[in-house]
>>> print(open('upload00.txt').read())   # compact mmCIF, C-alpha atoms
# COMPACT_ATOMS: atom_id res chain seq x y z
CA MET T 1 -160.43 127.84 -1.73
CA SER T 2 -159.58 129.92 -4.80
CA ARG T 3 -163.09 131.42 -4.69
CA VAL T 4 -162.78 132.67 -1.11
CA PRO T 5 -162.50 136.51 -1.34
CA TRP T 6 -159.57 136.95 1.05
CA VAL T 7 -157.27 134.65 -0.94
CA GLN T 8 -157.85 136.51 -4.19
CA PRO T 9 -154.73 138.48 -5.25
CA VAL T 10 -155.31 142.23 -5.59
CA ALA T 11 -152.92 144.50 -7.53
CA THR T 12 -151.58 147.20 -5.19
CA ASN T 13 -148.66 149.60 -4.88
CA THR T 14 -147.05 148.85 -1.49
CA PHE T 15 -144.16 146.40 -1.32
CA GLY T 16 -145.92 144.03 1.09
CA GLU T 17 -149.14 143.93 -0.89
CA ARG T 18 -147.29 143.49 -4.17
CA LEU T 19 -145.32 140.63 -2.58
CA GLN T 20 -148.56 138.97 -1.50
CA PHE T 21 -150.08 139.44 -4.94
CA ASN T 22 -147.06 138.00 -6.78
CA THR T 23 -146.60 135.09 -4.36
CA ILE T 24 -150.25 134.00 -4.69
CA ASP T 25 -150.06 134.48 -8.47
CA ARG T 26 -146.97 132.27 -8.73
CA PHE T 27 -148.52 129.69 -6.39
CA ASP T 28 -151.63 129.52 -8.60
CA ASP T 29 -149.42 129.01 -11.64
CA LEU T 30 -147.11 126.39 -10.12
CA SER T 31 -149.60 124.27 -8.17
CA PRO T 32 -151.52 122.72 -11.13
CA ARG T 33 -148.23 121.45 -12.53
CA SER T 34 -146.52 120.50 -9.25
CA LEU T 35 -149.50 118.81 -7.59
CA HIS T 36 -151.20 117.18 -10.57
CA PRO T 37 -151.42 113.37 -10.10
CA PHE T 38 -149.96 112.72 -13.55
CA ASN T 39 -146.78 114.53 -12.45
CA THR T 40 -146.50 113.05 -8.94
CA MET T 41 -147.64 109.41 -9.23
CA GLY T 42 -144.32 108.10 -10.52
CA ARG T 43 -142.32 109.79 -7.78
CA LEU T 44 -144.66 108.73 -4.99
CA LEU T 45 -145.40 105.17 -6.08
CA SER T 46 -141.69 104.36 -6.46
CA ALA T 47 -141.02 105.02 -2.75
CA ASP T 48 -139.46 102.02 -0.98
CA SER T 49 -141.28 102.51 2.34
CA TYR T 50 -144.10 104.45 3.98
CA GLU T 51 -141.52 106.72 5.60
CA GLU T 52 -139.99 107.53 2.22
CA TYR T 53 -143.48 108.09 0.78
CA ASP T 54 -144.27 110.60 3.54
CA ARG T 55 -140.96 112.39 2.98
CA ARG T 56 -141.66 112.71 -0.74
CA VAL T 57 -145.17 114.04 -0.13
CA ALA T 58 -143.79 116.64 2.30
CA ARG T 59 -141.02 117.57 -0.13
CA ILE T 60 -143.54 118.25 -2.91
CA GLY T 61 -145.44 120.65 -0.66
CA THR T 62 -142.42 122.44 0.77
CA ASP T 63 -140.84 122.82 -2.68
CA LEU T 64 -144.06 124.36 -3.99
CA VAL T 65 -144.24 126.90 -1.15
CA ARG T 66 -140.52 127.72 -1.35
CA ARG T 67 -140.57 128.29 -5.11
CA SER T 68 -143.76 130.37 -4.92
CA ALA T 69 -142.23 132.64 -2.26
CA GLN T 70 -138.92 132.92 -4.11
CA TYR T 71 -140.54 133.72 -7.45
CA GLY T 72 -142.99 136.16 -5.83
CA LEU T 73 -140.11 138.04 -4.19
CA ARG T 74 -138.19 138.32 -7.46
CA GLU T 75 -141.24 139.60 -9.35
CA THR T 76 -141.83 142.14 -6.57
CA VAL T 77 -138.22 143.38 -6.52
CA LYS T 78 -138.47 143.91 -10.27
CA ASP T 79 -141.45 146.26 -9.70
CA ILE T 80 -139.88 148.48 -7.00
CA PRO T 81 -140.24 152.04 -8.43
CA PHE T 82 -136.55 152.94 -8.93
CA VAL T 83 -135.76 149.40 -10.16
CA HIS T 84 -138.79 149.45 -12.46
CA SER T 85 -137.82 152.80 -14.00
CA THR T 86 -134.28 151.53 -14.64
CA LEU T 87 -135.20 148.12 -16.02
CA ASN T 88 -138.06 149.30 -18.26
CA GLN T 89 -135.94 151.44 -20.53
CA ASP T 90 -136.00 150.27 -24.12
CA THR T 91 -132.37 149.09 -24.22
CA PHE T 92 -130.73 145.69 -24.58
CA PHE T 93 -129.27 145.63 -21.07
CA ALA T 94 -132.47 146.88 -19.42
CA ARG T 95 -134.47 144.08 -21.06
CA LEU T 96 -131.71 141.59 -20.20
CA PHE T 97 -131.71 142.38 -16.47
CA ARG T 98 -135.50 142.80 -16.30
CA ASP T 99 -136.14 139.31 -17.64
CA SER T 100 -133.21 137.83 -15.73
CA VAL T 101 -134.70 138.89 -12.38
CA GLY T 102 -138.32 138.44 -13.42
CA ASN T 103 -140.11 136.27 -15.99
CA THR T 104 -140.04 133.48 -13.41
CA ALA T 105 -142.67 131.51 -15.35
CA GLU T 106 -139.88 130.66 -17.80
CA GLU T 107 -138.08 128.55 -15.22
CA ILE T 108 -140.82 125.90 -15.03
CA LEU T 109 -140.53 125.00 -18.74
CA ASP T 110 -138.73 121.72 -19.36
CA SER T 111 -138.12 120.44 -22.86
CA LYS T 112 -137.09 116.97 -21.66
CA GLN T 113 -140.18 116.09 -19.63
CA LEU T 114 -143.75 115.21 -20.50
CA LEU T 115 -145.11 117.14 -17.52
CA TYR T 116 -148.83 117.63 -17.66
CA ALA T 117 -150.42 121.02 -16.99
CA THR T 118 -153.78 122.53 -17.83
CA ASN T 119 -152.30 125.96 -18.53
CA ASP T 120 -149.54 125.20 -21.03
CA LEU T 121 -150.73 127.80 -23.53
CA VAL T 122 -151.13 130.50 -20.86
CA THR T 123 -147.62 129.77 -19.57
CA LEU T 124 -146.12 130.03 -23.05
CA GLU T 125 -147.87 133.35 -23.67
CA THR T 126 -146.59 134.68 -20.33
CA VAL T 127 -143.01 133.56 -20.90
CA ALA T 128 -142.79 135.01 -24.40
CA GLY T 129 -144.52 138.30 -23.52
CA TYR T 130 -147.40 137.82 -25.92
CA ASP T 131 -149.84 140.77 -26.01
CA SER T 132 -153.16 140.16 -27.72
CA ALA T 133 -154.00 143.89 -27.58
CA LEU T 134 -151.65 144.49 -30.53
CA HIS T 135 -153.64 142.23 -32.83
CA THR T 136 -154.98 143.63 -36.09
CA ASN T 137 -156.51 142.02 -39.14
CA ALA T 138 -155.63 145.00 -41.35
CA LEU T 139 -152.14 143.62 -42.11
CA SER T 140 -151.27 140.87 -44.52
CA ARG T 141 -150.35 137.50 -43.03
CA TRP T 142 -146.65 138.02 -43.88
CA ARG T 143 -146.62 141.47 -42.23
CA ARG T 144 -148.25 139.98 -39.14
CA ILE T 145 -145.47 137.38 -38.97
CA VAL T 146 -142.73 140.00 -39.35
CA ASP T 147 -144.26 142.71 -37.16
CA HIS T 148 -145.47 140.41 -34.40
CA THR T 149 -142.31 138.59 -33.40
CA HIS T 150 -141.80 139.22 -29.67
CA LEU T 151 -138.55 138.30 -27.92
CA ARG T 152 -137.57 138.04 -24.26
CA TYR T 153 -134.17 136.94 -23.00
CA GLY T 154 -132.27 136.69 -19.76
CA LEU T 155 -129.53 135.09 -17.68
CA ARG T 156 -130.08 132.65 -14.83
CA TRP T 157 -127.45 131.34 -12.45
CA ASN T 158 -126.71 128.32 -14.68
CA TYR T 159 -128.16 129.11 -18.11
CA ALA T 160 -129.09 131.78 -20.63
CA TYR T 161 -132.46 131.74 -22.38
CA ALA T 162 -134.46 133.34 -25.17
CA ALA T 163 -138.23 132.98 -25.61
CA TRP T 164 -140.28 134.38 -28.45
CA THR T 165 -143.51 134.14 -30.43
CA VAL T 166 -143.74 134.19 -34.19
CA GLY T 167 -146.65 135.74 -36.06
CA ARG T 168 -150.30 136.03 -35.17
CA TYR T 169 -153.38 134.52 -36.77
CA ILE T 170 -156.95 134.87 -35.44
CA ASP T 171 -155.61 136.51 -32.29
CA LYS T 172 -153.18 133.64 -31.57
CA PRO T 173 -149.43 133.32 -32.10
CA ILE T 174 -148.55 130.91 -34.87
CA LEU T 175 -145.56 129.49 -33.02
CA PHE T 176 -143.87 129.64 -29.59
CA MET T 177 -140.15 128.99 -29.27
CA HIS T 178 -137.88 128.67 -26.27
CA LEU T 179 -134.10 128.18 -26.24
CA ARG T 180 -131.69 127.57 -23.36
CA TYR T 181 -127.92 127.20 -23.13
CA TYR T 182 -126.55 125.78 -19.87
CA TYR T 183 -123.12 127.22 -19.14
CA SER T 184 -122.61 126.19 -15.49
CA ASP T 185 -120.13 123.43 -16.37
CA LEU T 186 -118.39 125.76 -18.80
CA VAL T 187 -117.77 128.19 -15.94
CA LEU T 188 -116.25 125.34 -13.92
CA GLY T 189 -113.80 124.60 -16.72
CA GLU T 190 -115.64 121.66 -18.32
CA VAL T 191 -115.72 123.10 -21.84
CA LEU T 192 -117.24 119.97 -23.38
CA GLU T 193 -119.93 119.53 -20.69
CA THR T 194 -122.52 122.09 -21.73
CA GLU T 195 -126.12 121.54 -22.73
CA THR T 196 -128.68 123.13 -25.05
CA GLU T 197 -132.47 122.85 -24.93
CA PHE T 198 -135.01 123.85 -27.54
CA LEU T 199 -138.79 123.82 -27.12
CA THR T 200 -141.34 124.77 -29.74
CA SER T 201 -145.14 124.75 -29.46
CA MET T 202 -147.81 125.26 -32.09
CA PRO T 203 -151.48 125.92 -31.28
CA ILE T 204 -153.84 124.25 -33.76
CA GLY T 205 -157.12 126.06 -33.45
CA ASP T 206 -158.48 126.82 -29.98
CA LYS T 207 -158.39 123.28 -28.61
CA THR T 208 -155.14 121.60 -29.65
CA LEU T 209 -151.54 122.30 -28.70
CA CYS T 210 -148.54 120.43 -30.13
CA THR T 211 -145.19 120.69 -28.33
CA PHE T 212 -141.79 119.39 -29.44
CA GLY T 213 -138.64 119.56 -27.33
CA ILE T 214 -135.05 118.47 -27.72
CA SER T 215 -132.19 118.53 -25.23
CA GLN T 216 -128.62 117.95 -26.42
CA ASN T 217 -125.61 117.43 -24.16
CA ILE T 218 -122.43 118.67 -25.80
CA ASN T 219 -120.19 115.93 -24.41
CA PRO T 220 -118.41 114.15 -27.29
CA PRO T 221 -118.21 111.31 -28.05
CA ASP T 222 -121.46 110.49 -26.18
CA TRP T 223 -123.75 113.31 -27.42
CA ASP T 224 -126.52 112.45 -24.97
CA ARG T 225 -129.86 113.51 -26.50
CA ARG T 226 -133.45 113.64 -25.22
CA ILE T 227 -136.45 114.25 -27.47
CA SER T 228 -140.06 114.75 -26.41
CA PHE T 229 -143.32 115.28 -28.25
CA LYS T 230 -146.70 116.02 -26.67
CA ILE T 231 -150.12 116.84 -28.03
CA SER T 232 -153.15 117.83 -25.94
CA HIS T 233 -156.72 118.36 -27.09
CA ARG T 234 -159.76 119.72 -25.25
CA VAL T 235 -163.11 117.99 -25.80
CA ASP T 236 -166.30 119.25 -24.09
CA GLY T 237 -164.69 120.18 -20.79
CA SER T 238 -162.30 117.21 -20.90
CA ARG T 239 -158.72 116.91 -22.05
CA ILE T 240 -156.96 114.14 -23.94
CA PHE T 241 -153.19 114.18 -24.07
CA MET T 242 -150.47 111.88 -25.34
CA GLY T 243 -146.75 112.11 -25.68
CA LEU T 244 -143.49 110.34 -26.37
CA ALA T 245 -140.05 110.80 -24.81
CA ILE T 246 -136.89 109.36 -26.36
CA HIS T 247 -133.57 109.20 -24.52
CA SER T 248 -130.83 108.54 -27.05
CA VAL T 249 -127.23 107.61 -26.25
CA PRO T 250 -124.82 105.72 -28.53
CA GLY T 251 -126.04 102.13 -28.79
CA ASN T 252 -129.08 102.56 -26.55
CA ASP T 253 -132.41 104.32 -27.19
CA ARG T 254 -135.09 104.31 -24.51
CA ILE T 255 -138.67 105.27 -25.41
CA ARG T 256 -141.31 106.27 -22.85
CA PRO T 257 -144.89 106.84 -24.06
CA ILE T 258 -147.60 108.59 -22.05
CA ILE T 259 -151.33 108.93 -22.69
CA GLY T 260 -154.12 110.21 -20.49
CA PHE T 261 -157.65 111.53 -20.22
CA GLU T 262 -158.88 114.08 -17.70
CA ARG T 263 -162.31 115.46 -16.92
CA SER T 264 -163.39 118.01 -14.32
CA TRP T 265 -166.32 116.90 -12.22
>>> encode(input="upload00.txt", output="C-alpha cells")
Amino acid sequence: MSRVPWVQPVATNTFGERLQFNTIDRFDDLSPRSLHPFNTMGRLLSADSYEEYDRRVARIGTDLVRRSAQYGLRETVKDIPFVHSTLNQDTFFARLFRDSVGNTAEEILDSKQLLYATNDLVTLETVAGYDSALHTNALSRWRRIVDHTHLRYGLRWNYAYAAWTVGRYIDKPILFMHLRYYYSDLVLGEVLETETEFLTSMPIGDKTLCTFGISQNINPPDWDRRISFKISHRVDGSRIFMGLAIHSVPGNDRIRPIIGFERSW
C-alpha cells in the first residue's frame, strides 16, 4: 500500500494538506513498532478468551490511528505561520515550546522496554535533531565532538525531557542520549514518587546499534530500578537482535532475555 501514489505524503502549505502529510508521516513511523509481531505477540497470546483477544487486536489498531492523528495535529499546529515564526526564534523559551508541542517522535522512546523496531536509528536522529548536512571532515575529531553536540528539550504533560547527539564521525553521531524526569506525582504532592529515565545508543559502523536504558523510581526505601540492553545487527537484508531487561527491587531481581532473527521476503 505504501507504494500506491495517492497514499504518499506530499509537503504542502495549506493546513489540511499539512495535516494529512504529518498524520501519514507519523503513521508510517509508529506502525512498524506498534504492529510488529515481536511487540504484539506477548499481549495477544496472553488473552484469556477469544473475546479478549479480539478486543486487544482492536485496541492495537485504534491506538495506532488515534496516536497518529494526535501527533499529526500537533506537528501541524507547530507549523502554522504565526506559530512557526514565534517558535523558531533562537531563544530558550522558543525552543522549549517548539519541542514541547512538536518532536512527537520522542514520545515513543521507552528506556524500560525491549521493543523491536526496524527504524531505531532513524527515530533517534529525528528526536535529537541530527542534521547530516553540517558534516565536515576538515575539523579535528575533538572539534567535531564539541561543535556537533545538538540538544532538544521540552515539557510534556507528565515529564520533562532532553535529547541530544554527541560528536560526528564518518557522517554519523558518535552517541545518542535521551533523559526524562517524570514530575506528575510531584505535582500531586507525592514528593518521593518521581521517576527518571536515561537512554543512550551508540552506532557501531553502519550495521550495528547498541542501546542501554535505565529507569529509576525515586521512592525510598524501595528504589525500584529497571535496566535494559539491546543490540541489533543487519546481515545481508536480515536483522539479528538480542537484549536483556532487568527489574530490580530490594530482595528480588527479575531478568527477561530476548533474541530474534528477521528477514524480509
>>> closest_residue(input="upload00.txt", among="T:Phe82, T:Leu44, T:Phe97, T:Thr104", to="Asp25 in chain T", atoms="only C-alpha atoms")
T:Thr104
>>> residues_around(input="upload00.txt", residues="Leu209 in chain T", least_positions_apart="2", cutoff="7 Å", atoms="all atoms listed in the file", output="MDAnalysis selection string")
chainID T and resid 201:204 207 211 231:233
>>> closest_residue(input="upload00.txt", among="T:Leu45, T:Met177, T:Leu155, T:Val57", to="Arg98 in chain T", atoms="only C-alpha atoms")
T:Leu155
>>> atom_distance(input="upload00.txt", atom1="CA of Gly72 in chain T", atom2="CA of Arg33 in chain T")
17.0 Å
>>> closest_residue(input="upload00.txt", among="T:Asn103, T:Ser215, T:Gln70, T:Thr62", to="Ile24 in chain T", atoms="all atoms listed in the file")
T:Gln70
>>> atom_distance(input="upload00.txt", atom1="CA of Glu262 in chain T", atom2="CA of Arg239 in chain T")
5.2 Å
>>> atom_distance(input="upload00.txt", atom1="CA of Asp99 in chain T", atom2="CA of Gly154 in chain T")
5.1 Å
>>> residues_around(input="upload00.txt", residues="Asp29 in chain T", least_positions_apart="3", cutoff="10 Å", atoms="only C-alpha atoms", output="list of chain:residue names")
T:Thr23, T:Ile24, T:Asp25, T:Arg26, T:Pro32, T:Arg33, T:Ser34, T:Ser68, T:Ala105, T:Ile108, T:Ala117, T:Thr118, T:Asn119, T:Val122, T:Thr123
